[in-house]
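A.B. asks: Have a look at this one.
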Amino acid sequence: MTTETGWGPAARARERDLLERLSAIPADDPARGPIRDELVTMHLPLVRHLAGRYRDRGEPLEDLVQAGTVGLIMAVDRFDITRGTQLSTFATPTVLGEIRRHFRDHAWAIRVPRGLQELQIRVSAATDEMSQRLHRAPTVNELADELGVSSGDVLAALDARHAYSPDSLDPAVDESAGSPGVAAALEPAFAEIEDRETLLAVLAELPERERELIRLRFDEGLTQSEIASSLGISQMHVSRLLARTLTDLRERMTRD
Amino acid sequence: MSPVTLAFPADSVNVSLARTVAAAMAARADLTLDRLEDARLAADEAVAQLLASTPPGSSLTCAFEAEPGSLRMSVSGPWSDSAPPSTRTFGWTVLDALCTSVQARLDDGTLTLTLTVEGTVPASA
């Protein structure tokens, strides 16, 4: 995926020239400094773009950009000009890796206390079991009765699922996605929408499962429990995926 | 029950506050988890709609009213456009699907989105 736009031939040639010069200088030579700096500066928009994907997750954007820049510097140092890839393509996973590492190191919400984690697992299992039994989703009070805990504890467990977890830190990006045919199947449902073009383009970027989730909830109007049983996953998982996908869609539709 | 009101600076970092309170109030209304999670997503979307055209440095208010089987949320704040947000957007489609009713009112530069999420109260509750 090319994330930078507006790079003219001059900038590309300059990048090529800098990379070639850099590859000729030994790793510990101070002469690398200015060349590396210029390459890093050229690719800062890429870092900003990638950091922007995580902007609604409670960490200051500037901190994310800083973490991502560390990744960019590492990528510039490790880049092998003979491999024939673009620096931006090569740097993207490293930049994202450093941004995620920042979350692991700094975002308090990642560390869900162990007791809460256990309760979360019990709440999730009880929700699915009770939904089957009652033919509808349980209420918080019913879950509290079933598990012998307070309704406040159940709520805390429900909130914790929306806190950071390793899987919610991966934005719903799938480079192999993008089959426009599937997104087009959604078209009638959103026929009246004025930003439909953008929506369909953005939907086409989503992985198949996320797109299916949007279709089931907002086109077919299924509840989260119904979606959970039709996809064979827990209601808790549906809830988390849906929240994440909506946030991701909103970010993608408002970018640029 | 008396309404619960939450006021916060118009910044996306505060969206999670509205979400969390929405879920807690949905539990008070004895809504099922499906409706509770809808209320959480709806709070998120409503605040996002306001953030789209709220001047920086202003403050948003979310008022929540829970009754058995029903949660009403009113999200309001200063609005810099002359018209309320278009109802023909994906965001609005999402709100419509999540809520029993959605209303937008623009009054003297203040936009208020009023959302209602309803469900049947289980007989055992």
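Just remember, in the structure tokens the first chain shown is A, the second B, etc., residues are 1-based per chain, and ligands are 1-based in the order shown.
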Give me the residues of chain A that have any atom at most 10 Å from an atom of chain B; for each, the nearest atom pair and the distance in Å, rounded to one decimal. Use only C-alpha atoms, sort by chain and number, and format it as CSV.

C.D. replies:
```
residue,atom,partner,partner_atom,distance
A:Arg55,CA,B:Ser12,CA,8.5
A:Asp56,CA,B:Val13,CA,6.0
A:Arg57,CA,B:Val13,CA,7.0
A:Gly58,CA,B:Val13,CA,5.2
A:Glu59,CA,B:Val13,CA,8.0
A:Pro60,CA,B:Val13,CA,8.8
A:Thr127,CA,B:Leu33,CA,8.3
A:Ser131,CA,B:Leu33,CA,9.7
A:Leu134,CA,B:Pro122,CA,9.8
A:Arg136,CA,B:Thr32,CA,7.8
A:Ala137,CA,B:Thr32,CA,5.5
A:Pro138,CA,B:Thr32,CA,5.2
A:Thr139,CA,B:Thr32,CA,4.1
A:Val140,CA,B:Ala27,CA,5.7
A:Asn141,CA,B:Asp30,CA,7.2
A:Glu142,CA,B:Ala125,CA,7.5
A:Leu143,CA,B:Leu33,CA,9.6
A:Ser151,CA,B:Ala27,CA,8.2
A:Gly152,CA,B:Ala24,CA,8.3
A:Val154,CA,B:Ala27,CA,9.7
A:Leu155,CA,B:Ala24,CA,6.7
A:Ala156,CA,B:Ala24,CA,9.2
A:Leu158,CA,B:Ala23,CA,8.7
A:Asp159,CA,B:Thr20,CA,6.8
A:His162,CA,B:Ser16,CA,9.2
A:Ala163,CA,B:Ser16,CA,9.4
A:Ala189,CA,B:Thr93,CA,9.8
A:Phe190,CA,B:Phe90,CA,7.7
A:Ala191,CA,B:Arg88,CA,9.6
A:Glu192,CA,B:Arg88,CA,6.3
A:Ile193,CA,B:Arg88,CA,4.7
A:Glu194,CA,B:Arg88,CA,5.7
A:Asp195,CA,B:Thr89,CA,6.0
A:Arg196,CA,B:Phe90,CA,7.6
A:Thr198,CA,B:Phe90,CA,9.8
A:Leu199,CA,B:Phe90,CA,7.3
A:Ile214,CA,B:Val94,CA,9.5
A:Arg217,CA,B:Ala97,CA,8.0
A:Phe218,CA,B:Ala97,CA,6.1
A:Asp219,CA,B:Ala97,CA,8.7
A:Glu220,CA,B:Ala97,CA,10.0
A:Gly221,CA,B:Ala97,CA,7.1
A:Leu222,CA,B:Ala97,CA,9.9
A:Thr223,CA,B:Asp34,CA,6.3
A:Gln224,CA,B:Asp34,CA,5.7
A:Ser225,CA,B:Asp34,CA,6.7
A:Glu226,CA,B:Asp34,CA,9.4
A:Gln235,CA,B:Asp34,CA,8.5
A:Met236,CA,B:Leu33,CA,9.6
A:Ser239,CA,B:Glu37,CA,6.8
A:Arg240,CA,B:Glu37,CA,9.5
A:Leu242,CA,B:Leu41,CA,8.7
A:Ala243,CA,B:Leu41,CA,6.5
A:Arg244,CA,B:Leu41,CA,9.9
A:Leu246,CA,B:Leu41,CA,8.5
A:Thr247,CA,B:Glu45,CA,8.7
A:Leu249,CA,B:Phe90,CA,9.6
A:Arg250,CA,B:Gly91,CA,7.9
A:Met253,CA,B:Phe90,CA,9.5
A:Thr254,CA,B:Ala52,CA,9.3
```

A.B. asks: Counting only C-alpha atoms, what is within 8 Å of Pro3 in chain B, bar same-chain residues fewer than 3 positions away, as a count of residues only?

C.D. replies: 4

A.B. asks: Check the DSSP output for the backbone and give back, as a ChimeraX atom specification, the residues of chain B in strand (DSSP E).

C.D. replies: /B:4-9,59-67,70-78,101-107,110-118

A.B. asks: Just want the 8 Å neighbourhood of Cys62 in chain B, counted on only C-alpha atoms, with same-chain residues fewer than 6 positions away dropped. Output as a list in words.

C.D. replies: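 Here the qualifying residues turn out to be Thr5, Leu6, Ala7, Ala18, Met73, Ser74, Val75 and Ser76 of chain B.
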
A.B. asks: Restricting the calculation to only C-alpha atoms, which member of B:Leu60, B:Ala83, B:Leu50, B:Ala43 is positioned closest to Leu115 in chain B?

C.D. replies: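 Closest candidate: B:Ala43.
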
A.B. asks: Which of these residues is nearest to Ser70 in chain B, using only C-alpha atoms: B:Leu113, B:Ala10, B:Met1, B:Val21?

C.D. replies: B:Met1

A.B. asks: Leaving out Gly71 in chain A and any residue of its chain fewer than 5 positions from it, which residues lie within 9 Å of it when counting only C-alpha atoms, given as a PyMOL selection string?

C.D. replies: chain A and resi 47+66+76+91-99

A.B. asks: Would you put the residues from that selection into a file with N, CA and C atoms, as a short mmCIF file (atom, residue, chain, number, x, y, z; two decimals), in the first residue's frame?

C.D. replies:
```
data_model
loop_
_atom_site.label_atom_id
_atom_site.label_comp_id
_atom_site.auth_asym_id
_atom_site.auth_seq_id
_atom_site.Cartn_x
_atom_site.Cartn_y
_atom_site.Cartn_z
N VAL A 47 4.98 8.54 8.95
CA VAL A 47 4.85 8.28 10.39
C VAL A 47 3.58 8.95 10.93
N GLN A 66 6.38 10.39 17.85
CA GLN A 66 7.76 10.21 18.33
C GLN A 66 8.16 8.74 18.35
N VAL A 76 15.45 2.95 8.46
CA VAL A 76 16.42 3.57 7.56
C VAL A 76 17.78 2.89 7.73
N ALA A 91 9.57 0.35 5.83
CA ALA A 91 9.52 0.99 7.15
C ALA A 91 8.18 0.81 7.86
N THR A 92 7.09 0.64 7.08
CA THR A 92 5.76 0.63 7.69
C THR A 92 5.61 -0.35 8.87
N PRO A 93 5.97 -1.64 8.71
CA PRO A 93 5.80 -2.55 9.86
C PRO A 93 6.62 -2.14 11.08
N THR A 94 7.83 -1.62 10.85
CA THR A 94 8.68 -1.22 11.98
C THR A 94 8.07 -0.01 12.70
N VAL A 95 7.56 0.94 11.92
CA VAL A 95 6.94 2.13 12.51
C VAL A 95 5.72 1.71 13.33
N LEU A 96 4.87 0.87 12.75
CA LEU A 96 3.67 0.40 13.47
C LEU A 96 4.07 -0.38 14.72
N GLY A 97 5.13 -1.18 14.59
CA GLY A 97 5.61 -1.96 15.74
C GLY A 97 6.00 -1.07 16.90
N GLU A 98 6.70 0.02 16.60
CA GLU A 98 7.12 0.94 17.66
C GLU A 98 5.93 1.67 18.27
N ILE A 99 4.93 2.01 17.44
CA ILE A 99 3.74 2.68 17.97
C ILE A 99 3.00 1.74 18.92
#
```
